[in-house]
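Heads up: the structure comes next, in structure tokens.
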4 protein chains.
Amino acid sequence: MTLAELTARIIAFRDARDWMQFHNPKELAVAITAEAGELLQHFVWQQPEQIERRASERRAELTDEMADVAILLLELAHNLEVEVGQAVLDKLERNERRYPVEKSRGSNAKYNEL
Amino acid sequence: MTLAELTARIIAFRDARDWMQFHNPKELAVAITAEAGELLQHFVWQQPEQIERRASERRAELTDEMADVAILLLELAHNLEVEVGQAVLDKLERNERRYPVEKSRGSNAKYNEL
Amino acid sequence: MTLAELTARIIAFRDARDWMQFHNPKELAVAITAEAGELLQHFVWQQPEQIERRASERRAELTDEMADVAILLLELAHNLEVEVGQAVLDKLERNERRYPVEKSRGSNAKYNEL
Amino acid sequence: MTLAELTARIIAFRDARDWMQFHNPKELAVAITAEAGELLQHFVWQQPEQIERRASERRAELTDEMADVAILLLELAHNLEVEVGQAVLDKLERNERRYPVEKSRGSNAKYNEL
């Protein structure tokens with residue numbers, strides 16, 4: 001499945017319902033943040049040793065929230081004429097420079113603190 | 001570019017740095033939410049008539065935030081053994097039932113309020 | 001009701017349950033963000049002309065989410081030994097300088113764009 | 001310092017700038033969520049044993065983000081005619097019932113899982 005194929009399905013769904021009128025970039029950013037918050041909700045107060053079990057028990061709900069974020073993100077990228085696959089590759093390339101393996105291996109420090 | 005290819009690149013980047021130790025599902029959900037918040041930040045207080053211009057002026061930054069969300073989301077899906085493309089298709093199918101075209105066209109009501 | 005009195009009630013509630021062990025600053029920031037996301041959820045896709053009615057219909061739920069954010073914020077401030085009332089006054093004073101009335105009146109521009 | 005006094009200062013600041021026109025409940029919820037995201041940002045990828053040090057090093061920035069959330073929350077409560085101190089007390093009372101001390105002491109389980 002390519003990103004272009006998924007995006008085409010998402011846009012067809014939206015346009016069949018005439019929803020573009022509600023989906024300016026701010027509204028999509030609001031919806032993405034709200035869905036990310038739902039994803040996070042599953043882990044509130046969970047201690048490190050509880051996380052994997054929680055993720056496993058809530059796998060269906062988490063999959064659902066991840067799908068919501070992905071759908072909204074692909075629509076936003078489409079509307080802004082951003083090729084999100086290329087954006088990911090560009091960001092990885094930038095991060096290769098920001099986080100050289102020898103300096104960042106095994107460290108969770110941000111690039112400006114390495 | 002397929003999702004599997006992008007995911008492979010993301011996981012190679014992570015593993016070269018031995019970062020899996022920091023990336024349990026909760027930490028990834030925290031990072032996704034924080035990045036979604038950065039996306040939203042660009043639109044705070046912006047009025048409807050300002051949104052498209054703001055999105056256009058901030059296109060590079062927005063692309064960067066979208067890439068961050070996408071990278072984290074693909075890693076989370078990989079770690080949970082979720083095929084995110086399939087999850088998107090499943091969710092669209094569910095939404096087809098929740099939002100029948102004849103009832104939802106031109107309406108921004110939630111499915112339980114249609 | 002003073003902030004000190006409210007905070008004392010919140011801390012008594014927490015300590016009676018021995019919950020400080022779960023409430024480090026990161027966990028509180030996670031919980032605050034998740035609760036803010038619940039607040040936001042009530043307005044997703046709502047158009048400008050629908051907002052006031054939505055807020056009125058959901059007043060009880062919004063009050064509940066606001067209380068959750070306030071409780072977590074007061075606990076975080078307490079734990080970090082921050083006097084949140086003073087922090088608010090300090091921030092208002094800083095904003096007085098950042099947003100002089102003559103330049104910012106009727107404008108939603110950020111201080112660095114005025 | 002009472003909540004009523006803080007709120008009066010916040011509203012005077014806003015009205016001197018004629019900003020009520022930008023501050024409907026949705027916009028305030030968006031801004032609260034974005035500020036909560038900034039608070040969270042300070043802790044992304046931080047491991048449990050790093051949290052207290054991070055909080056201590058970033059105390060000034062965290063205080064600033066907490067003030068932003070508090071200002072927006074007090075304004076939202078004012079606009080919705082919600083007495084946030086009372087809302088906190090009401091929520092604590094509800095939580096007393098949801099989380100009886102004998103069942104919830106030392107547990108991070110949600111009330112519906114106790």
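Just so we're on the same page: first chain in the structure tokens is A, next is B, and so on; residues restart at 1 for each chain, and ligands are numbered from 1 in the order they show up.
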**Q.** Selection: 8 Å around region 77-92 of chain D, only C-alpha atoms, excl. self and same-chain fewer than 2 positions, as a PyMOL selection string
**A.** (chain C and resi 1+6+10+13+55-56+59+63-64+66-68+70-71) or (chain D and resi 3+7+25+73-75+94-96)
Write to file, as an mmCIF file, in the first residue's frame, the residues of the selection just made, with C-alpha atoms.
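So result-v2.cif came out as:
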```cif
data_model
loop_
_atom_site.group_PDB
_atom_site.id
_atom_site.type_symbol
_atom_site.label_atom_id
_atom_site.label_comp_id
_atom_site.auth_asym_id
_atom_site.auth_seq_id
_atom_site.Cartn_x
_atom_site.Cartn_y
_atom_site.Cartn_z
ATOM 1 C CA MET C 1 -10.955 30.690 48.016
ATOM 2 C CA LEU C 6 -7.111 24.820 47.057
ATOM 3 C CA ILE C 10 -5.351 18.769 46.523
ATOM 4 C CA PHE C 13 -6.243 14.199 48.692
ATOM 5 C CA ALA C 55 -19.770 25.599 25.040
ATOM 6 C CA SER C 56 -23.159 26.245 26.588
ATOM 7 C CA ARG C 59 -20.780 23.495 30.180
ATOM 8 C CA THR C 63 -16.168 22.558 33.880
ATOM 9 C CA ASP C 64 -15.067 19.043 34.739
ATOM 10 C CA MET C 66 -11.112 22.610 33.530
ATOM 11 C CA ALA C 67 -11.149 21.330 37.109
ATOM 12 C CA ASP C 68 -8.908 18.423 36.100
ATOM 13 C CA ALA C 70 -6.475 23.108 37.440
ATOM 14 C CA ILE C 71 -5.954 20.308 39.979
ATOM 15 C CA LEU D 3 -8.618 33.404 42.009
ATOM 16 C CA THR D 7 -8.964 36.670 37.039
ATOM 17 C CA PRO D 25 -14.017 28.927 24.044
ATOM 18 C CA LEU D 73 -7.751 28.547 32.030
ATOM 19 C CA LEU D 74 -8.851 31.404 34.301
ATOM 20 C CA GLU D 75 -10.001 33.386 31.291
ATOM 21 C CA ARG D 94 -16.352 13.413 43.287
ATOM 22 C CA ASN D 95 -12.898 11.891 43.304
ATOM 23 C CA GLU D 96 -13.243 11.145 47.036
#
```
Q | Spatial neighbours of Thr33 (chain C), max dist 8 Å, only C-alpha atoms, sep filter under 2 positions, as an MDAnalysis selection string | A | (chainID A and resid 37) or (chainID C and resid 29:31 35:37) or (chainID D and resid 33 36:37 40)
Show me, as a Markdown table, the residues of chain A having an atom within 12 Å of chain C, each with the closest atom pair and its distance in Å, using only C-alpha atoms.
```
| residue | atom | partner | partner_atom | distance |
| --- | --- | --- | --- | --- |
| A:Trp19 | CA | C:Trp45 | CA | 9.9 |
| A:Met20 | CA | C:Trp45 | CA | 11.1 |
| A:Gln21 | CA | C:Gln47 | CA | 9.9 |
| A:Phe22 | CA | C:Trp45 | CA | 6.4 |
| A:His23 | CA | C:Trp45 | CA | 7.7 |
| A:Asn24 | CA | C:Trp45 | CA | 9.8 |
| A:Pro25 | CA | C:Trp45 | CA | 11.5 |
| A:Lys26 | CA | C:Trp45 | CA | 10.0 |
| A:Glu27 | CA | C:Trp45 | CA | 6.4 |
| A:Leu28 | CA | C:Trp45 | CA | 8.4 |
| A:Ala29 | CA | C:Val44 | CA | 9.9 |
| A:Val30 | CA | C:Val44 | CA | 6.7 |
| A:Ala31 | CA | C:Val44 | CA | 5.9 |
| A:Ile32 | CA | C:Val44 | CA | 9.6 |
| A:Thr33 | CA | C:Gly37 | CA | 7.1 |
| A:Ala34 | CA | C:Gly37 | CA | 5.1 |
| A:Glu35 | CA | C:Gly37 | CA | 8.0 |
| A:Ala36 | CA | C:Gly37 | CA | 8.1 |
| A:Gly37 | CA | C:Gly37 | CA | 5.0 |
| A:Glu38 | CA | C:Ala34 | CA | 7.2 |
| A:Leu39 | CA | C:Ala34 | CA | 8.9 |
| A:Leu40 | CA | C:Ala34 | CA | 6.4 |
| A:Gln41 | CA | C:Ala34 | CA | 5.6 |
| A:His42 | CA | C:Ala34 | CA | 9.4 |
| A:Phe43 | CA | C:Val30 | CA | 8.9 |
| A:Val44 | CA | C:Ala31 | CA | 5.9 |
| A:Trp45 | CA | C:Glu27 | CA | 6.3 |
| A:Gln46 | CA | C:Phe22 | CA | 8.2 |
| A:Gln47 | CA | C:Phe22 | CA | 7.5 |
| A:Pro48 | CA | C:Phe22 | CA | 10.6 |
```
Q.
Considering only alpha helix (DSSP H) as DSSP defines it on the backbone, what residues of region 1-85 of chain B qualify? List them as a count of residues only.
A. 61
Q | Residue with smallest distance to Glu52 (chain C) - pool D:Glu93, D:Arg14, D:Leu76, D:Val69, counting only C-alpha atoms | A |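 Nearest to Glu52 (chain C): D:Leu76.
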(Q) Which residues are close to region 105-110 of chain B, i.e. within 7 Å by only C-alpha atoms, leaving aside same-chain residues fewer than 2 positions away? Reply as a PyMOL selection string. (A) (chain A and resi 17-19) or (chain B and resi 101-103+112-114) or (chain C and resi 45)
Atoms to include: N, CA and C atoms. Write the selected residues as a short mmCIF file (atom, residue, chain, number, x, y, z; two decimals), in the first residue's frame.
```cif
data_model
loop_
_atom_site.label_atom_id
_atom_site.label_comp_id
_atom_site.auth_asym_id
_atom_site.auth_seq_id
_atom_site.Cartn_x
_atom_site.Cartn_y
_atom_site.Cartn_z
N ARG A 17 -18.48 13.41 1.07
CA ARG A 17 -19.28 14.05 2.14
C ARG A 17 -19.22 15.58 2.11
N ASP A 18 -18.48 16.12 1.17
CA ASP A 18 -18.36 17.58 1.04
C ASP A 18 -17.81 18.20 2.34
N TRP A 19 -16.77 17.58 2.87
CA TRP A 19 -16.22 18.01 4.17
C TRP A 19 -15.02 18.95 4.05
N VAL B 101 -23.14 8.64 3.38
CA VAL B 101 -23.06 9.87 2.58
C VAL B 101 -24.34 10.69 2.70
N GLU B 102 -25.49 10.01 2.57
CA GLU B 102 -26.75 10.77 2.53
C GLU B 102 -27.02 11.53 3.84
N LYS B 103 -26.52 11.00 4.98
CA LYS B 103 -26.78 11.67 6.25
C LYS B 103 -25.70 12.68 6.63
N ASN B 112 -22.52 10.00 16.29
CA ASN B 112 -23.57 9.75 17.29
C ASN B 112 -24.52 10.94 17.47
N GLU B 113 -24.34 11.96 16.64
CA GLU B 113 -25.25 13.11 16.69
C GLU B 113 -25.94 13.34 15.35
N LEU B 114 -25.65 12.46 14.39
CA LEU B 114 -26.25 12.63 13.05
C LEU B 114 -27.76 12.36 13.10
N TRP C 45 -13.86 20.22 14.88
CA TRP C 45 -14.71 20.48 13.69
C TRP C 45 -15.78 21.54 13.90
#
```
**Q.** Atomic separation - CA of Arg98 (chain C) relative to CA of Tyr111 (chain C), Å
**A.** 5.6 Å
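Counting from CA of Arg54 (chain B), the distance to CA of Arg53 (chain C) is 27.6 Å.
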**Q.** Atomic separation - CA of Arg58 (chain D) relative to CA of Leu72 (chain D), Å
**A.** 21.4 Å
